[in-house]
>>> print(open('data.pdb').read())   # PDB, N, CA, C and O atoms
MODEL        1
ATOM      1  N   MET A   7     221.338  86.450  96.029
ATOM      2  CA  MET A   7     220.235  87.182  95.447
ATOM      3  C   MET A   7     220.647  88.657  95.364
ATOM      4  O   MET A   7     221.038  89.246  96.367
ATOM      5  N   ASP A   8     220.544  89.219  94.180
ATOM      6  CA  ASP A   8     220.921  90.626  94.022
ATOM      7  C   ASP A   8     219.779  91.552  94.463
ATOM      8  O   ASP A   8     218.667  91.108  94.742
ATOM      9  N   ALA A   9     220.060  92.838  94.549
ATOM     10  CA  ALA A   9     219.108  93.814  95.073
ATOM     11  C   ALA A   9     217.857  93.913  94.193
ATOM     12  O   ALA A   9     216.738  94.053  94.715
ATOM     13  N   LEU A  10     218.012  93.842  92.870
ATOM     14  CA  LEU A  10     216.865  93.952  91.975
ATOM     15  C   LEU A  10     215.919  92.761  92.153
ATOM     16  O   LEU A  10     214.699  92.928  92.196
ATOM     17  N   THR A  11     216.482  91.571  92.283
ATOM     18  CA  THR A  11     215.661  90.376  92.496
ATOM     19  C   THR A  11     214.930  90.463  93.827
ATOM     20  O   THR A  11     213.745  90.117  93.916
ATOM     21  N   LEU A  12     215.602  90.936  94.858
ATOM     22  CA  LEU A  12     214.970  91.095  96.166
ATOM     23  C   LEU A  12     213.831  92.119  96.093
ATOM     24  O   LEU A  12     212.757  91.906  96.659
ATOM     25  N   PHE A  13     214.069  93.214  95.378
ATOM     26  CA  PHE A  13     213.025  94.231  95.180
ATOM     27  C   PHE A  13     211.798  93.609  94.512
ATOM     28  O   PHE A  13     210.665  93.840  94.936
ATOM     29  N   GLY A  14     212.014  92.823  93.469
ATOM     30  CA  GLY A  14     210.907  92.164  92.774
ATOM     31  C   GLY A  14     210.171  91.185  93.668
ATOM     32  O   GLY A  14     208.937  91.116  93.649
ATOM     33  N   LEU A  15     210.919  90.445  94.469
ATOM     34  CA  LEU A  15     210.309  89.491  95.394
ATOM     35  C   LEU A  15     209.426  90.202  96.413
ATOM     36  O   LEU A  15     208.295  89.768  96.685
ATOM     37  N   VAL A  16     209.909  91.307  96.952
ATOM     38  CA  VAL A  16     209.124  92.076  97.924
ATOM     39  C   VAL A  16     207.866  92.640  97.264
ATOM     40  O   VAL A  16     206.771  92.580  97.841
ATOM     41  N   ALA A  17     207.997  93.172  96.056
ATOM     42  CA  ALA A  17     206.843  93.749  95.361
ATOM     43  C   ALA A  17     205.771  92.693  95.091
ATOM     44  O   ALA A  17     204.582  92.922  95.363
ATOM     45  N   VAL A  18     206.169  91.548  94.582
ATOM     46  CA  VAL A  18     205.206  90.499  94.246
ATOM     47  C   VAL A  18     204.595  89.894  95.512
ATOM     48  O   VAL A  18     203.400  89.579  95.541
ATOM     49  N   THR A  19     205.380  89.756  96.562
ATOM     50  CA  THR A  19     204.853  89.248  97.833
ATOM     51  C   THR A  19     203.826  90.221  98.403
ATOM     52  O   THR A  19     202.768  89.803  98.883
ATOM     53  N   ALA A  20     204.111  91.512  98.334
ATOM     54  CA  ALA A  20     203.156  92.522  98.807
ATOM     55  C   ALA A  20     201.863  92.466  97.995
ATOM     56  O   ALA A  20     200.765  92.604  98.547
ATOM     57  N   MET A  21     201.987  92.255  96.690
ATOM     58  CA  MET A  21     200.799  92.122  95.849
ATOM     59  C   MET A  21     199.945  90.947  96.317
ATOM     60  O   MET A  21     198.721  91.077  96.458
ATOM     61  N   LEU A  22     200.567  89.817  96.557
ATOM     62  CA  LEU A  22     199.857  88.619  96.978
ATOM     63  C   LEU A  22     199.146  88.831  98.312
ATOM     64  O   LEU A  22     197.965  88.521  98.453
ATOM     65  N   VAL A  23     199.861  89.386  99.287
ATOM     66  CA  VAL A  23     199.281  89.606 100.611
ATOM     67  C   VAL A  23     198.119  90.591 100.535
ATOM     68  O   VAL A  23     197.042  90.334 101.083
ATOM     69  N   CYS A  24     198.317  91.702  99.852
ATOM     70  CA  CYS A  24     197.257  92.706  99.759
ATOM     71  C   CYS A  24     196.044  92.174  99.011
ATOM     72  O   CYS A  24     194.903  92.443  99.398
ATOM     73  N   TYR A  25     196.274  91.416  97.961
ATOM     74  CA  TYR A  25     195.153  90.839  97.210
ATOM     75  C   TYR A  25     194.355  89.887  98.089
ATOM     76  O   TYR A  25     193.119  89.894  98.071
ATOM     77  N   ALA A  26     195.046  89.073  98.872
ATOM     78  CA  ALA A  26     194.371  88.109  99.744
ATOM     79  C   ALA A  26     193.587  88.798 100.855
ATOM     80  O   ALA A  26     192.586  88.256 101.339
ATOM     81  N   MET A  27     194.000  89.988 101.264
ATOM     82  CA  MET A  27     193.385  90.678 102.389
ATOM     83  C   MET A  27     192.404  91.774 101.973
ATOM     84  O   MET A  27     191.867  92.471 102.829
ATOM     85  N   GLU A  28     192.146  91.943 100.683
ATOM     86  CA  GLU A  28     191.322  93.045 100.190
ATOM     87  C   GLU A  28     189.961  93.156 100.859
ATOM     88  O   GLU A  28     189.460  94.259 101.054
ATOM     89  N   GLN A  29     189.355  92.059 101.218
ATOM     90  CA  GLN A  29     188.010  92.093 101.800
ATOM     91  C   GLN A  29     187.997  92.637 103.223
ATOM     92  O   GLN A  29     186.953  93.019 103.727
ATOM     93  N   ARG A  30     189.148  92.695 103.862
ATOM     94  CA  ARG A  30     189.221  93.156 105.251
ATOM     95  C   ARG A  30     189.193  94.671 105.383
ATOM     96  O   ARG A  30     188.702  95.176 106.382
ATOM     97  N   SER A  31     189.766  95.370 104.407
ATOM     98  CA  SER A  31     189.825  96.826 104.498
ATOM     99  C   SER A  31     190.105  97.419 103.120
ATOM    100  O   SER A  31     190.824  96.826 102.309
ATOM    101  N   HIS A  32     189.577  98.618 102.902
ATOM    102  CA  HIS A  32     189.843  99.298 101.630
ATOM    103  C   HIS A  32     191.319  99.680 101.513
ATOM    104  O   HIS A  32     191.807  99.893 100.404
ATOM    105  N   TRP A  33     192.041  99.732 102.617
ATOM    106  CA  TRP A  33     193.460 100.074 102.579
ATOM    107  C   TRP A  33     194.287  98.988 101.892
ATOM    108  O   TRP A  33     195.337  99.275 101.317
ATOM    109  N   TYR A  34     193.821  97.743 101.952
ATOM    110  CA  TYR A  34     194.534  96.681 101.242
ATOM    111  C   TYR A  34     194.409  96.839  99.725
ATOM    112  O   TYR A  34     195.309  96.436  98.982
ATOM    113  N   VAL A  35     193.316  97.410  99.268
ATOM    114  CA  VAL A  35     193.162  97.687  97.833
ATOM    115  C   VAL A  35     194.196  98.735  97.416
ATOM    116  O   VAL A  35     194.852  98.596  96.377
ATOM    117  N   LEU A  36     194.357  99.761  98.246
ATOM    118  CA  LEU A  36     195.388 100.761  97.963
ATOM    119  C   LEU A  36     196.778 100.136  98.025
ATOM    120  O   LEU A  36     197.630 100.407  97.180
ATOM    121  N   GLY A  37     197.002  99.282  99.004
ATOM    122  CA  GLY A  37     198.287  98.574  99.108
ATOM    123  C   GLY A  37     198.559  97.729  97.872
ATOM    124  O   GLY A  37     199.696  97.661  97.384
ATOM    125  N   PHE A  38     197.518  97.089  97.353
ATOM    126  CA  PHE A  38     197.660  96.296  96.131
ATOM    127  C   PHE A  38     198.056  97.187  94.957
ATOM    128  O   PHE A  38     198.933  96.833  94.161
ATOM    129  N   ALA A  39     197.419  98.356  94.865
ATOM    130  CA  ALA A  39     197.757  99.292  93.785
ATOM    131  C   ALA A  39     199.222  99.724  93.884
ATOM    132  O   ALA A  39     199.935  99.753  92.876
ATOM    133  N   LEU A  40     199.664 100.044  95.080
ATOM    134  CA  LEU A  40     201.062 100.456  95.270
ATOM    135  C   LEU A  40     202.024  99.312  94.979
ATOM    136  O   LEU A  40     203.081  99.518  94.365
ATOM    137  N   ALA A  41     201.666  98.111  95.406
ATOM    138  CA  ALA A  41     202.517  96.951  95.133
ATOM    139  C   ALA A  41     202.590  96.667  93.625
ATOM    140  O   ALA A  41     203.647  96.279  93.115
ATOM    141  N   CYS A  42     201.487  96.860  92.915
ATOM    142  CA  CYS A  42     201.496  96.699  91.462
ATOM    143  C   CYS A  42     202.415  97.729  90.812
ATOM    144  O   CYS A  42     203.130  97.422  89.855
ATOM    145  N   ALA A  43     202.398  98.955  91.339
ATOM    146  CA  ALA A  43     203.290  99.991  90.809
ATOM    147  C   ALA A  43     204.750  99.586  91.035
ATOM    148  O   ALA A  43     205.591  99.764  90.143
ATOM    149  N   LEU A  44     205.046  99.034  92.201
ATOM    150  CA  LEU A  44     206.411  98.553  92.461
ATOM    151  C   LEU A  44     206.767  97.398  91.524
ATOM    152  O   LEU A  44     207.893  97.313  91.024
ATOM    153  N   GLY A  45     205.802  96.508  91.288
ATOM    154  CA  GLY A  45     206.024  95.415  90.344
ATOM    155  C   GLY A  45     206.284  95.929  88.942
ATOM    156  O   GLY A  45     207.103  95.374  88.204
ATOM    157  N   SER A  46     205.605  96.987  88.558
ATOM    158  CA  SER A  46     205.821  97.604  87.257
ATOM    159  C   SER A  46     207.237  98.168  87.154
ATOM    160  O   SER A  46     207.931  97.951  86.151
ATOM    161  N   ILE A  47     207.649  98.873  88.185
ATOM    162  CA  ILE A  47     209.014  99.415  88.204
ATOM    163  C   ILE A  47     210.024  98.284  88.085
ATOM    164  O   ILE A  47     210.989  98.366  87.315
ATOM    165  N   TYR A  48     209.805  97.216  88.823
ATOM    166  CA  TYR A  48     210.694  96.062  88.751
ATOM    167  C   TYR A  48     210.750  95.500  87.321
ATOM    168  O   TYR A  48     211.833  95.211  86.805
ATOM    169  N   GLY A  49     209.595  95.355  86.689
ATOM    170  CA  GLY A  49     209.566  94.814  85.331
ATOM    171  C   GLY A  49     210.366  95.664  84.360
ATOM    172  O   GLY A  49     211.146  95.145  83.558
ATOM    173  N   PHE A  50     210.198  96.982  84.437
ATOM    174  CA  PHE A  50     210.952  97.862  83.548
ATOM    175  C   PHE A  50     212.453  97.843  83.868
ATOM    176  O   PHE A  50     213.277  97.842  82.956
ATOM    177  N   LEU A  51     212.798  97.800  85.158
ATOM    178  CA  LEU A  51     214.216  97.793  85.534
ATOM    179  C   LEU A  51     214.930  96.529  85.070
ATOM    180  O   LEU A  51     216.110  96.563  84.729
ATOM    181  N   GLN A  52     214.232  95.421  85.067
ATOM    182  CA  GLN A  52     214.874  94.180  84.653
ATOM    183  C   GLN A  52     214.804  93.964  83.138
ATOM    184  O   GLN A  52     215.368  93.001  82.621
ATOM    185  N   GLY A  53     214.119  94.851  82.447
ATOM    186  CA  GLY A  53     214.069  94.764  80.994
ATOM    187  C   GLY A  53     212.887  93.984  80.454
ATOM    188  O   GLY A  53     212.807  93.717  79.254
ATOM    189  N   ALA A  54     211.961  93.603  81.315
ATOM    190  CA  ALA A  54     210.770  92.870  80.884
ATOM    191  C   ALA A  54     209.625  93.867  80.740
ATOM    192  O   ALA A  54     208.718  93.930  81.561
ATOM    193  N   TRP A  55     209.689  94.678  79.679
ATOM    194  CA  TRP A  55     208.717  95.750  79.526
ATOM    195  C   TRP A  55     207.270  95.274  79.423
ATOM    196  O   TRP A  55     206.380  95.976  79.883
ATOM    197  N   PRO A  56     206.963  94.086  78.830
ATOM    198  CA  PRO A  56     205.550  93.667  78.836
ATOM    199  C   PRO A  56     205.025  93.473  80.265
ATOM    200  O   PRO A  56     203.906  93.866  80.586
ATOM    201  N   PHE A  57     205.842  92.895  81.135
ATOM    202  CA  PHE A  57     205.463  92.726  82.536
ATOM    203  C   PHE A  57     205.276  94.085  83.201
ATOM    204  O   PHE A  57     204.295  94.316  83.919
ATOM    205  N   GLY A  58     206.201  94.989  82.958
ATOM    206  CA  GLY A  58     206.110  96.329  83.527
ATOM    207  C   GLY A  58     204.866  97.059  83.072
ATOM    208  O   GLY A  58     204.199  97.738  83.864
ATOM    209  N   LEU A  59     204.518  96.920  81.809
ATOM    210  CA  LEU A  59     203.334  97.576  81.258
ATOM    211  C   LEU A  59     202.051  97.010  81.860
ATOM    212  O   LEU A  59     201.165  97.759  82.282
ATOM    213  N   VAL A  60     201.949  95.692  81.934
ATOM    214  CA  VAL A  60     200.751  95.064  82.489
ATOM    215  C   VAL A  60     200.595  95.409  83.968
ATOM    216  O   VAL A  60     199.490  95.699  84.431
ATOM    217  N   GLU A  61     201.682  95.422  84.705
ATOM    218  CA  GLU A  61     201.609  95.786  86.120
ATOM    219  C   GLU A  61     201.197  97.245  86.295
ATOM    220  O   GLU A  61     200.482  97.578  87.231
ATOM    221  N   ALA A  62     201.633  98.113  85.405
ATOM    222  CA  ALA A  62     201.219  99.518  85.468
ATOM    223  C   ALA A  62     199.707  99.633  85.246
ATOM    224  O   ALA A  62     199.026 100.415  85.926
ATOM    225  N   ILE A  63     199.186  98.858  84.319
ATOM    226  CA  ILE A  63     197.741  98.851  84.075
ATOM    227  C   ILE A  63     196.997  98.334  85.300
ATOM    228  O   ILE A  63     196.000  98.911  85.737
ATOM    229  N   TRP A  64     197.498  97.232  85.900
ATOM    230  CA  TRP A  64     196.884  96.696  87.110
ATOM    231  C   TRP A  64     196.903  97.725  88.234
ATOM    232  O   TRP A  64     195.948  97.824  89.015
ATOM    233  N   ALA A  65     197.980  98.480  88.347
ATOM    234  CA  ALA A  65     198.072  99.518  89.379
ATOM    235  C   ALA A  65     196.967 100.554  89.169
ATOM    236  O   ALA A  65     196.312 100.977  90.127
ATOM    237  N   GLY A  66     196.743 100.958  87.928
ATOM    238  CA  GLY A  66     195.683 101.918  87.628
ATOM    239  C   GLY A  66     194.295 101.367  87.926
ATOM    240  O   GLY A  66     193.447 102.061  88.491
ATOM    241  N   VAL A  67     194.076 100.114  87.560
ATOM    242  CA  VAL A  67     192.779  99.476  87.838
ATOM    243  C   VAL A  67     192.541  99.397  89.344
ATOM    244  O   VAL A  67     191.450  99.725  89.839
ATOM    245  N   ALA A  68     193.550  98.988  90.087
ATOM    246  CA  ALA A  68     193.405  98.859  91.542
ATOM    247  C   ALA A  68     193.213 100.224  92.202
ATOM    248  O   ALA A  68     192.420 100.352  93.140
ATOM    249  N   LEU A  69     193.913 101.232  91.715
ATOM    250  CA  LEU A  69     193.747 102.574  92.274
ATOM    251  C   LEU A  69     192.318 103.072  92.041
ATOM    252  O   LEU A  69     191.697 103.656  92.933
ATOM    253  N   ARG A  70     191.799 102.813  90.869
ATOM    254  CA  ARG A  70     190.408 103.200  90.575
ATOM    255  C   ARG A  70     189.444 102.452  91.487
ATOM    256  O   ARG A  70     188.488 103.022  92.002
ATOM    257  N   ARG A  71     189.678 101.154  91.698
ATOM    258  CA  ARG A  71     188.825 100.374  92.603
ATOM    259  C   ARG A  71     188.875 100.950  94.013
ATOM    260  O   ARG A  71     187.861 101.024  94.703
ATOM    261  N   TRP A  72     190.062 101.371  94.453
ATOM    262  CA  TRP A  72     190.196 101.951  95.789
ATOM    263  C   TRP A  72     189.414 103.255  95.889
ATOM    264  O   TRP A  72     188.755 103.509  96.897
ATOM    265  N   MET A  73     189.492 104.069  94.852
ATOM    266  CA  MET A  73     188.797 105.359  94.873
ATOM    267  C   MET A  73     187.278 105.175  94.866
ATOM    268  O   MET A  73     186.557 105.984  95.443
ATOM    269  N   LEU A  74     186.779 104.123  94.233
ATOM    270  CA  LEU A  74     185.341 103.894  94.134
ATOM    271  C   LEU A  74     184.785 103.013  95.252
ATOM    272  O   LEU A  74     183.572 102.955  95.431
ATOM    273  N   LYS A  75     185.656 102.342  95.993
ATOM    274  CA  LYS A  75     185.213 101.422  97.045
ATOM    275  C   LYS A  75     184.625 102.216  98.211
ATOM    276  O   LYS A  75     185.244 103.146  98.705
ATOM    277  N   PRO A  76     183.420 101.837  98.649
ATOM    278  CA  PRO A  76     182.824 102.555  99.776
ATOM    279  C   PRO A  76     183.641 102.351 101.050
ATOM    280  O   PRO A  76     184.156 101.271 101.298
ATOM    281  N   ARG A  77     183.744 103.415 101.829
ATOM    282  CA  ARG A  77     184.456 103.360 103.100
ATOM    283  C   ARG A  77     183.431 103.123 104.196
ATOM    284  O   ARG A  77     182.533 103.938 104.388
ATOM    285  N   THR A  78     183.563 102.013 104.893
ATOM    286  CA  THR A  78     182.645 101.717 105.983
ATOM    287  C   THR A  78     183.422 101.642 107.280
ATOM    288  O   THR A  78     184.547 101.129 107.310
ATOM    289  N   LEU A  79     182.839 102.158 108.327
ATOM    290  CA  LEU A  79     183.464 102.059 109.644
ATOM    291  C   LEU A  79     183.136 100.692 110.222
ATOM    292  O   LEU A  79     182.000 100.257 110.202
ATOM    293  N   GLN A  80     184.169 100.044 110.733
ATOM    294  CA  GLN A  80     183.988  98.745 111.327
ATOM    295  C   GLN A  80     184.273  98.827 112.819
ATOM    296  O   GLN A  80     185.005  99.709 113.262
ATOM    297  N   ALA A  81     183.709  97.923 113.581
ATOM    298  CA  ALA A  81     183.995  97.868 115.003
ATOM    299  C   ALA A  81     185.478  97.633 115.206
ATOM    300  O   ALA A  81     186.106  96.855 114.492
ATOM    301  N   GLY A  82     186.071  98.348 116.113
ATOM    302  CA  GLY A  82     187.507  98.193 116.365
ATOM    303  C   GLY A  82     188.337  99.188 115.588
ATOM    304  O   GLY A  82     189.547  99.056 115.547
ATOM    305  N   GLY A  83     187.744 100.140 114.912
ATOM    306  CA  GLY A  83     188.494 101.186 114.250
ATOM    307  C   GLY A  83     188.844 100.925 112.805
ATOM    308  O   GLY A  83     189.537 101.698 112.186
ATOM    309  N   GLY A  84     188.403  99.797 112.193
ATOM    310  CA  GLY A  84     188.743  99.418 110.831
ATOM    311  C   GLY A  84     188.409 100.426 109.836
ATOM    312  O   GLY A  84     188.993 100.931 108.995
TER     313      GLY A  84
ENDMDL
END
>>> encode(input="data.pdb", output="structure tokens")
Amino acid sequence: MDALTLFGLVAVTAMLVCYAMEQRSHWYVLGFALACALGSIYGFLQGAWPFGLVEAIWAGVALRRWMLKPRTLQAGGG
């Protein structure tokens, strides 16, 4: 597995984990946005510009969701 493929695997895995955990903390929404940005970079680096473009849009949508999501204090420091 080359470095670019490994980078893409890490980015997509981070997207999956953060998406699955979004309800636990607003920080996972931010993590999802960052992982989408990494996925976008991966798409452009590998030459799949439609994938890179869509991931960039998803990153923007997720970042906006993070900015608008109410911050609530949870027991245990969440």
>>> atom_distance(input="data.pdb", atom1="atom O of Arg77 in chain A", atom2="atom O of Thr19 in chain A")
25.3 Å
>>> residues_around(input="data.pdb", residues="range 7-18 of chain A", least_positions_apart="3", cutoff="6 Å", atoms="all atoms listed in the file", output="list in words")
Met21, Leu22, Val23, Ala41, Cys42, Leu44, Gly45 and Tyr48 of chain A
>>> atom_distance(input="data.pdb", atom1="CA of Glu61 in chain A", atom2="CA of Leu36 in chain A")
14.3 Å
>>> atom_distance(input="data.pdb", atom1="atom O of Met73 in chain A", atom2="atom C of Gly49 in chain A")
28.2 Å
>>> residues_around(input="data.pdb", residues="Ala62 in chain A", least_positions_apart="5", cutoff="8 Å", atoms="only N, CA, C and O atoms", output="PyMOL selection string")
chain A and resi 39+42-47+55-57+67-69
>>> closest_residue(input="data.pdb", among="A:Ile63, A:Leu74, A:Ala54, A:Leu40", to="Tyr25 in chain A", atoms="only C-alpha atoms")
A:Leu40
>>> closest_residue(input="data.pdb", among="A:Ala65, A:Gln52, A:Val60, A:Trp72", to="Trp33 in chain A", atoms="all atoms listed in the file")
A:Trp72
>>> axis_aligned_box(input="data.pdb", around="range 53-60 of chain A", padding_each_side="4 Å", output="lines of an AutoDock Vina configuration file")
center_x = 206.8
center_y = 95.2
center_z = 81.6
size_x = 22.6
size_y = 13.0
size_z = 13.6
>>> select_by_dssp(input="data.pdb", residues="chain A", states="helix (DSSP H, G or I)", output="PyMOL selection string")
chain A and resi 9-27+32-52+55-74
>>> build_atoms(input="data.pdb", residues="range 7-18 of chain A", atoms="all heavy atoms", output="PDB file, in the frame of the given file")
ATOM      1  N   MET A   7     221.338  86.450  96.029  1.00  0.00           N
ATOM      2  CA  MET A   7     220.235  87.182  95.447  1.00  0.00           C
ATOM      3  C   MET A   7     220.647  88.657  95.364  1.00  0.00           C
ATOM      4  O   MET A   7     221.038  89.246  96.367  1.00  0.00           O
ATOM      5  CB  MET A   7     218.992  87.012  96.321  1.00  0.00           C
ATOM      6  CG  MET A   7     217.788  87.743  95.799  1.00  0.00           C
ATOM      7  SD  MET A   7     216.268  87.586  96.801  1.00  0.00           S
ATOM      8  CE  MET A   7     216.058  85.848  96.966  1.00  0.00           C
ATOM      9  N   ASP A   8     220.544  89.219  94.180  1.00  0.00           N
ATOM     10  CA  ASP A   8     220.921  90.626  94.022  1.00  0.00           C
ATOM     11  C   ASP A   8     219.779  91.552  94.463  1.00  0.00           C
ATOM     12  O   ASP A   8     218.667  91.108  94.742  1.00  0.00           O
ATOM     13  CB  ASP A   8     221.356  90.918  92.588  1.00  0.00           C
ATOM     14  CG  ASP A   8     220.231  90.784  91.561  1.00  0.00           C
ATOM     15  OD1 ASP A   8     219.160  90.281  91.919  1.00  0.00           O
ATOM     16  OD2 ASP A   8     220.435  91.193  90.417  1.00  0.00           O
ATOM     17  N   ALA A   9     220.060  92.838  94.549  1.00  0.00           N
ATOM     18  CA  ALA A   9     219.108  93.814  95.073  1.00  0.00           C
ATOM     19  C   ALA A   9     217.857  93.913  94.193  1.00  0.00           C
ATOM     20  O   ALA A   9     216.738  94.053  94.715  1.00  0.00           O
ATOM     21  CB  ALA A   9     219.770  95.180  95.205  1.00  0.00           C
ATOM     22  N   LEU A  10     218.012  93.842  92.870  1.00  0.00           N
ATOM     23  CA  LEU A  10     216.865  93.952  91.975  1.00  0.00           C
ATOM     24  C   LEU A  10     215.919  92.761  92.153  1.00  0.00           C
ATOM     25  O   LEU A  10     214.699  92.928  92.196  1.00  0.00           O
ATOM     26  CB  LEU A  10     217.326  94.061  90.518  1.00  0.00           C
ATOM     27  CG  LEU A  10     216.223  94.242  89.479  1.00  0.00           C
ATOM     28  CD1 LEU A  10     215.402  95.503  89.762  1.00  0.00           C
ATOM     29  CD2 LEU A  10     216.808  94.281  88.082  1.00  0.00           C
ATOM     30  N   THR A  11     216.482  91.571  92.283  1.00  0.00           N
ATOM     31  CA  THR A  11     215.661  90.376  92.496  1.00  0.00           C
ATOM     32  C   THR A  11     214.930  90.463  93.827  1.00  0.00           C
ATOM     33  O   THR A  11     213.745  90.117  93.916  1.00  0.00           O
ATOM     34  CB  THR A  11     216.533  89.114  92.437  1.00  0.00           C
ATOM     35  OG1 THR A  11     217.197  89.067  91.167  1.00  0.00           O
ATOM     36  CG2 THR A  11     215.702  87.853  92.612  1.00  0.00           C
ATOM     37  N   LEU A  12     215.602  90.936  94.858  1.00  0.00           N
ATOM     38  CA  LEU A  12     214.970  91.095  96.166  1.00  0.00           C
ATOM     39  C   LEU A  12     213.831  92.119  96.093  1.00  0.00           C
ATOM     40  O   LEU A  12     212.757  91.906  96.659  1.00  0.00           O
ATOM     41  CB  LEU A  12     216.005  91.522  97.210  1.00  0.00           C
ATOM     42  CG  LEU A  12     215.492  91.675  98.634  1.00  0.00           C
ATOM     43  CD1 LEU A  12     214.941  90.355  99.157  1.00  0.00           C
ATOM     44  CD2 LEU A  12     216.625  92.169  99.532  1.00  0.00           C
ATOM     45  N   PHE A  13     214.069  93.214  95.378  1.00  0.00           N
ATOM     46  CA  PHE A  13     213.025  94.231  95.180  1.00  0.00           C
ATOM     47  C   PHE A  13     211.798  93.609  94.512  1.00  0.00           C
ATOM     48  O   PHE A  13     210.665  93.840  94.936  1.00  0.00           O
ATOM     49  CB  PHE A  13     213.591  95.385  94.342  1.00  0.00           C
ATOM     50  CG  PHE A  13     212.578  96.436  93.981  1.00  0.00           C
ATOM     51  CD1 PHE A  13     212.098  97.325  94.934  1.00  0.00           C
ATOM     52  CD2 PHE A  13     212.112  96.537  92.681  1.00  0.00           C
ATOM     53  CE1 PHE A  13     211.163  98.299  94.596  1.00  0.00           C
ATOM     54  CE2 PHE A  13     211.182  97.510  92.339  1.00  0.00           C
ATOM     55  CZ  PHE A  13     210.709  98.394  93.297  1.00  0.00           C
ATOM     56  N   GLY A  14     212.014  92.823  93.469  1.00  0.00           N
ATOM     57  CA  GLY A  14     210.907  92.164  92.774  1.00  0.00           C
ATOM     58  C   GLY A  14     210.171  91.185  93.668  1.00  0.00           C
ATOM     59  O   GLY A  14     208.937  91.116  93.649  1.00  0.00           O
ATOM     60  N   LEU A  15     210.919  90.445  94.469  1.00  0.00           N
ATOM     61  CA  LEU A  15     210.309  89.491  95.394  1.00  0.00           C
ATOM     62  C   LEU A  15     209.426  90.202  96.413  1.00  0.00           C
ATOM     63  O   LEU A  15     208.295  89.768  96.685  1.00  0.00           O
ATOM     64  CB  LEU A  15     211.392  88.681  96.102  1.00  0.00           C
ATOM     65  CG  LEU A  15     210.906  87.681  97.148  1.00  0.00           C
ATOM     66  CD1 LEU A  15     210.037  86.610  96.497  1.00  0.00           C
ATOM     67  CD2 LEU A  15     212.092  87.062  97.866  1.00  0.00           C
ATOM     68  N   VAL A  16     209.909  91.307  96.952  1.00  0.00           N
ATOM     69  CA  VAL A  16     209.124  92.076  97.924  1.00  0.00           C
ATOM     70  C   VAL A  16     207.866  92.640  97.264  1.00  0.00           C
ATOM     71  O   VAL A  16     206.771  92.580  97.841  1.00  0.00           O
ATOM     72  CB  VAL A  16     209.982  93.199  98.554  1.00  0.00           C
ATOM     73  CG1 VAL A  16     209.132  94.163  99.354  1.00  0.00           C
ATOM     74  CG2 VAL A  16     211.077  92.607  99.428  1.00  0.00           C
ATOM     75  N   ALA A  17     207.997  93.172  96.056  1.00  0.00           N
ATOM     76  CA  ALA A  17     206.843  93.749  95.361  1.00  0.00           C
ATOM     77  C   ALA A  17     205.771  92.693  95.091  1.00  0.00           C
ATOM     78  O   ALA A  17     204.582  92.922  95.363  1.00  0.00           O
ATOM     79  CB  ALA A  17     207.288  94.395  94.048  1.00  0.00           C
ATOM     80  N   VAL A  18     206.169  91.548  94.582  1.00  0.00           N
ATOM     81  CA  VAL A  18     205.206  90.499  94.246  1.00  0.00           C
ATOM     82  C   VAL A  18     204.595  89.894  95.512  1.00  0.00           C
ATOM     83  O   VAL A  18     203.400  89.579  95.541  1.00  0.00           O
ATOM     84  CB  VAL A  18     205.863  89.428  93.350  1.00  0.00           C
ATOM     85  CG1 VAL A  18     204.947  88.255  93.122  1.00  0.00           C
ATOM     86  CG2 VAL A  18     206.267  90.038  92.015  1.00  0.00           C
TER      87      VAL A  18
END
